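Reading through the structure tokens given below for one structure.
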Amino acid sequence: MAKTLMIKKQLFAASVTAALGLYNLTVQADVYANFPVTVTDYTGHQEHSEAYSGQIARHVLHNSLKQLTTMGSGKANTELKHNMMAYYSGKHNGRTIIDPASQEGFPVLEVAVDQLSIDKNLSDKTYRGLVPGWPGSMTGLEVVKFMIDQASASEGGYDPLNGYDYTQLISKFLMGAVFYHQTVDYYLDEKLAVNIKPNHEPYTDGAPYTGKEHVWDKAFGYFGAPAHALELSAADVYAIAKQQPAALVKADYNGDGLVSLDTEMVYAHAYYAAIFDQTGKTQYLHNIMQAFIDGRQLLTKANGQTLTLMQRSELKGYAAIIKANWEQVIVEAVFKYAGSVYADLQQLQNLIETHSGDIQRSYRRYVKHWGELKGFALALQMGSRDLGEISVQLNRLIGYSPVLLGNTQVVGLAKGQYQQASSISLSEYQMHMIKVQQLMSDQFGIKARSQDVMGDMTALIKQLGDTLSAEND
Amino acid sequence: MIETFITDWITAIWAMFTDGRKRLSILYLLVAVVIGLGWLSWKRGSRIQVAMLQLFNPSLWWARSAQTDYQLLILNQGLMLLFKPLMMGKLVIVGSLFLTFHNLFERPVWDSLLPSGLVAVLFTLCLFLLDDATRYGLHRLMHLWPMLWAFHRVHHTAQVLTPFTVLRTHPVEAVLFAWRGILVQGICIGVFVFFFGQQVTLLTWLGASVFTACFNITGANLRHSHIRLSYWPWLEKWLISPAQHQLHHSTAPQHQLHHSTAPQHWNLNYGAVLALWDRLGGTLIISSSTQKLRFGLLDQQQHDQQLSQLYWCPFLDFRRALYQWFSLKRRRVSYQESKT
């Protein structure tokens, strides 16, 4: 009798444990966290294998550098440039996190870069290829250094004479040259090859993660989504990125009252994916997140063994989903900002013609949007595939700078100085923006279509309805 | 595939009666009944029961011609779904026009030249005028050109008129009307957006352009009916009354006149809403209550109420008209050569 009771108790305990385990698995299925250690001869004490804090440290460096670009006084400033370079190429300890920093109603956990990861910089990971869309035949690394130099000498990162907003240019360019490039052209490309960082070995000696697990984690880190992004709506993700106090409860997944910059914050392209997903026409954020989680679960199931042909093929399938959706996010951004520049030009010409309103303010907005357009357009070209003619067309349509008020445009660099020449009119440049939108639409088949120049017409057409109704007179 | 098609087909038929942009919308039909009853009671002095009987006379609503209308209504909606891919998208026209203007001219900065409300009024008005004028033009061409008449003839084979006769249309004609609509809307939208940007909006009522809604809710469905609702003569010089359209059908005065078999009423009252175009084209006739109407065609064939014949015969007529046109051209050339 006692034995039967004992067995029943054990069965009950086992059932409860199994149920809890199942619950745990269910929860984990939506979160990029708590993946067990699968390295076969691991002797350390880590319980979980996911690790991407180095990539988050680079996001924080990028955000902080973006803030620094706005601090110029309009004169050459060696100290500011040195400070900016410290966040771009420095590796030393003691760098504070300028952004994201705690705000009222939205406290963050980390205050120093070292709390996330040590010895990290952005320059080591910046695209080393040629950037044909920027004057001076420079590599990606050289472009960033050049922009930092210019930004440090400008007033608030703004160069009205040449039409540059370095805050936007540096930020959007870096998002492409580091995060996007590293992920789609490196970690989810050559690093998925059989003999590179194999899954049956630790990434480095003594590491709690296998080669492929850590490759996958790094790629995830660069995307910039919080680990629980699948449990968040696009609006939630947007609000977290904006550090809105109301979003604290959504961001603080572990409920400690603080937002962990490592696992609970939103950065870079994840933020832009959420922006487009808010239109309700796309699911970029969740598509990418789901593919990252599915891929990581596949690696966990491989249990520290070499991936089979089928597993590798499946993993590459997830990588393809991530790459395609990520590229679409950047394409949507190019489309959106081409539309914004078009609208800015219309308003600017209106103000010039009517001699009314604040032209300087309007011009400033034009330059800002152009910086975002250019930054994303350049970023698009640093992915894993050669865009060929699309790149050529895109660069020619946008040019090296916006068309300035005297119908001039930057055409090159000589001895580090921008060279301007006579160009097309503002109205003709508007036409270029429509062509940029058409190019993106035709070549990539985008869906969100924010700031669609033709959008108003589409709405009117829908309002008028179908003409094919067979109604007679 | 087939399931999707059938679902779309049913949806299209349902939309005919629920969409405020369609003339057969239930609301417009009900209003037409009220107007019809009011007209018969007031103008003809009919008692309400008699007026109801006149309005819903089974011998009209269940006539062979009316049955054909119902069949065409259902079948045509399915056929239109098949033709949809053949339609050149409005957006293509709109976009092309917009880009052409951009290439040719500097885009004017009229975004705040006029109040948004005025731009909306201008856009809606221009769209209505262009739409109505081109309806008149295409309709007239369909009567004058034998190759087009071959298809439009189907509409005129209706021997009784009910509101459903509006959909008694050969698919080829429906496609022509659709292209006309696409062109008109494309031009209007392209031009207005080019000049006025985001200020351009359509003034709507009951889900349709305010002019379309006004036209439909003021008894447009009586145009295809046996209720000879006429306006004052002065008003019929500006707006086509149902009685005028019946003249068109009868070879007698304006839409009843339009459908009349009497030769003096052929080729008259082509207009849809405004009589202005008929006045300009010299084709307007004012309705008269004394005129006798006979709907259908003088050369009405027995098989003109058979669906298969209605769909197929127009192609034979078209071929004949085409052949005659070529023969005539050849004879003219021969005659000119013989003269020289």
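Letters A, B, ... go to the chains of the structure tokens in the order shown; residues in each chain start at 1; ligands are counted from 1 in the same order.
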
Write down as a PyMOL selection string the residues belonging to stretch 171-211 of chain B that are assigned helix (DSSP H, G or I) by DSSP computed on the backbone. chain B and resi 171-199+210-211

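Taking stretch 154-307 of chain B and asking which residues DSSP calls strand (DSSP E) on the backbone, you get Thr204, Trp205, Ala208, Ser209, Leu247, His248, His249 and His259 of chain B.
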
Please identify all polymer residues within 9 Å of stretch 197-210 of chain B, counting only C-alpha atoms, omitting same-chain residues fewer than 4 positions from it, and present them as an MDAnalysis selection string. (chainID A and resid 456:457 460 463:465) or (chainID B and resid 19:22 109:112 115:117 119:121 123:124 128 189 192:193 214:215)

One decimal, Å: what's the distance from atom CA of A:Thr70 over to atom CA of A:Tyr267, could you say? 19.0 Å

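Remark: for B:Asn216, the closest of the candidate residues B:Leu29, B:Ile48, B:Asp132, B:Pro233 is B:Leu29 (distances computed over only C-alpha atoms).
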
Within 9 Å of chain B, which residues of chain A are there when counting only C-alpha atoms? Please give them as a VMD selection string. chain A and resid 346 to 347 349 to 351 353 to 354 425 to 428 430 to 431 434 454 456 to 458 460 to 461 463 to 473

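Residue nearest A:Val37 within the list A:Lys462, A:Lys301, A:Lys250, A:Arg365: A:Lys301 [criterion: smallest interatomic distance, only C-alpha atoms].
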
Which residues are close to A:Asn287, i.e. within 8 Å by only C-alpha atoms, leaving aside same-chain residues fewer than 5 positions away? Reply as a VMD selection string. chain A and resid 321 to 322 325

Now that the selection is made, can you save its residues with C-alpha atoms as an mmCIF file, in the first residue's frame?
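Below is the file that was written, part-v4.cif:
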data_model
loop_
_atom_site.group_PDB
_atom_site.id
_atom_site.type_symbol
_atom_site.label_atom_id
_atom_site.label_comp_id
_atom_site.auth_asym_id
_atom_site.auth_seq_id
_atom_site.Cartn_x
_atom_site.Cartn_y
_atom_site.Cartn_z
ATOM 1 C CA ILE A 321 14.323 34.399 -44.750
ATOM 2 C CA ILE A 322 16.302 36.731 -42.504
ATOM 3 C CA ASN A 325 13.269 40.375 -44.973
#

Shell of 8 Å around stretch 51-63 of chain B, only C-alpha atoms, local chain residues under 3 positions omitted, as a list in words: Val33, Gly36, Leu37, Leu40, Ser41, Ser46, Arg47, Ile48, Ala66, Gln67, Val160, Leu161, Thr162, His226 and Ile227 of chain B

Shell of 10 Å around A:Leu404, only C-alpha atoms, local chain residues under 3 positions omitted, as number ranges by chain: A: 160-163, 363, 367, 401, 407-410, 420, 422-426

Go ahead and save the picked residues with N, CA and C atoms, as a PDB file, in the first residue's frame.
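Generated file (out_4.pdb):
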ATOM      1  N   PRO A 160      24.917  72.969 -44.231  1.00  0.00           N
ATOM      2  CA  PRO A 160      23.924  73.484 -45.188  1.00  0.00           C
ATOM      3  C   PRO A 160      24.512  73.789 -46.561  1.00  0.00           C
ATOM      4  N   LEU A 161      25.821  74.093 -46.619  1.00  0.00           N
ATOM      5  CA  LEU A 161      26.419  74.476 -47.902  1.00  0.00           C
ATOM      6  C   LEU A 161      26.463  73.303 -48.881  1.00  0.00           C
ATOM      7  N   ASN A 162      26.701  72.127 -48.342  1.00  0.00           N
ATOM      8  CA  ASN A 162      26.763  70.950 -49.212  1.00  0.00           C
ATOM      9  C   ASN A 162      25.534  70.051 -49.076  1.00  0.00           C
ATOM     10  N   GLY A 163      24.660  70.401 -48.156  1.00  0.00           N
ATOM     11  CA  GLY A 163      23.413  69.645 -48.001  1.00  0.00           C
ATOM     12  C   GLY A 163      23.567  68.328 -47.266  1.00  0.00           C
ATOM     13  N   TYR A 363      14.368  73.720 -45.678  1.00  0.00           N
ATOM     14  CA  TYR A 363      15.605  73.209 -46.280  1.00  0.00           C
ATOM     15  C   TYR A 363      16.300  72.230 -45.323  1.00  0.00           C
ATOM     16  N   VAL A 367      17.321  68.365 -46.075  1.00  0.00           N
ATOM     17  CA  VAL A 367      18.675  67.808 -45.920  1.00  0.00           C
ATOM     18  C   VAL A 367      18.656  66.600 -44.973  1.00  0.00           C
ATOM     19  N   SER A 401      24.994  64.362 -53.424  1.00  0.00           N
ATOM     20  CA  SER A 401      24.394  65.266 -52.435  1.00  0.00           C
ATOM     21  C   SER A 401      22.997  65.624 -52.926  1.00  0.00           C
ATOM     22  N   ASN A 407      20.608  75.100 -57.659  1.00  0.00           N
ATOM     23  CA  ASN A 407      20.640  74.035 -58.675  1.00  0.00           C
ATOM     24  C   ASN A 407      22.053  73.487 -58.887  1.00  0.00           C
ATOM     25  N   THR A 408      22.792  73.377 -57.808  1.00  0.00           N
ATOM     26  CA  THR A 408      24.114  72.743 -57.864  1.00  0.00           C
ATOM     27  C   THR A 408      24.081  71.466 -57.033  1.00  0.00           C
ATOM     28  N   GLN A 409      25.124  70.673 -57.202  1.00  0.00           N
ATOM     29  CA  GLN A 409      25.191  69.400 -56.498  1.00  0.00           C
ATOM     30  C   GLN A 409      26.659  69.039 -56.293  1.00  0.00           C
ATOM     31  N   VAL A 410      26.963  68.345 -55.225  1.00  0.00           N
ATOM     32  CA  VAL A 410      28.324  67.865 -55.022  1.00  0.00           C
ATOM     33  C   VAL A 410      28.620  66.805 -56.092  1.00  0.00           C
ATOM     34  N   GLN A 420      31.469  71.236 -56.035  1.00  0.00           N
ATOM     35  CA  GLN A 420      30.100  71.346 -56.544  1.00  0.00           C
ATOM     36  C   GLN A 420      30.109  71.756 -58.016  1.00  0.00           C
ATOM     37  N   SER A 422      27.163  72.711 -61.467  1.00  0.00           N
ATOM     38  CA  SER A 422      25.783  72.965 -61.866  1.00  0.00           C
ATOM     39  C   SER A 422      25.071  71.637 -62.120  1.00  0.00           C
ATOM     40  N   SER A 423      23.838  71.571 -61.704  1.00  0.00           N
ATOM     41  CA  SER A 423      23.116  70.300 -61.831  1.00  0.00           C
ATOM     42  C   SER A 423      21.698  70.547 -62.327  1.00  0.00           C
ATOM     43  N   ILE A 424      20.803  69.670 -61.998  1.00  0.00           N
ATOM     44  CA  ILE A 424      19.409  69.789 -62.440  1.00  0.00           C
ATOM     45  C   ILE A 424      18.635  70.709 -61.486  1.00  0.00           C
ATOM     46  N   SER A 425      17.375  71.008 -61.867  1.00  0.00           N
ATOM     47  CA  SER A 425      16.553  71.867 -61.017  1.00  0.00           C
ATOM     48  C   SER A 425      15.944  71.041 -59.884  1.00  0.00           C
ATOM     49  N   LEU A 426      15.400  71.747 -58.914  1.00  0.00           N
ATOM     50  CA  LEU A 426      14.751  71.058 -57.796  1.00  0.00           C
ATOM     51  C   LEU A 426      13.573  70.216 -58.300  1.00  0.00           C
TER      52      LEU A 426
END

I want to know what sits within 6 Å of B:Leu284, based on only C-alpha atoms, with residues of the same chain fewer than 4 positions away left out; could you give that as a list of chain:residue names? B:Leu268, B:Asn269, B:Asp278, B:Arg279

With C-alpha atoms kept, could you save the residues just selected as a short mmCIF file (atom, residue, chain, number, x, y, z; two decimals), in the first residue's frame?
data_model
loop_
_atom_site.label_atom_id
_atom_site.label_comp_id
_atom_site.auth_asym_id
_atom_site.auth_seq_id
_atom_site.Cartn_x
_atom_site.Cartn_y
_atom_site.Cartn_z
CA LEU B 268 -31.17 60.74 -80.33
CA ASN B 269 -30.70 61.47 -76.67
CA ASP B 278 -26.93 66.27 -76.97
CA ARG B 279 -27.69 69.96 -77.47
#

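In this model, the gap between atom CA of A:Ala291 and atom CA of A:Tyr222 comes to 14.3 Å.
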
Interatomic distance between atom CA of A:Gln150 and atom CA of A:Ile118? 28.2 Å
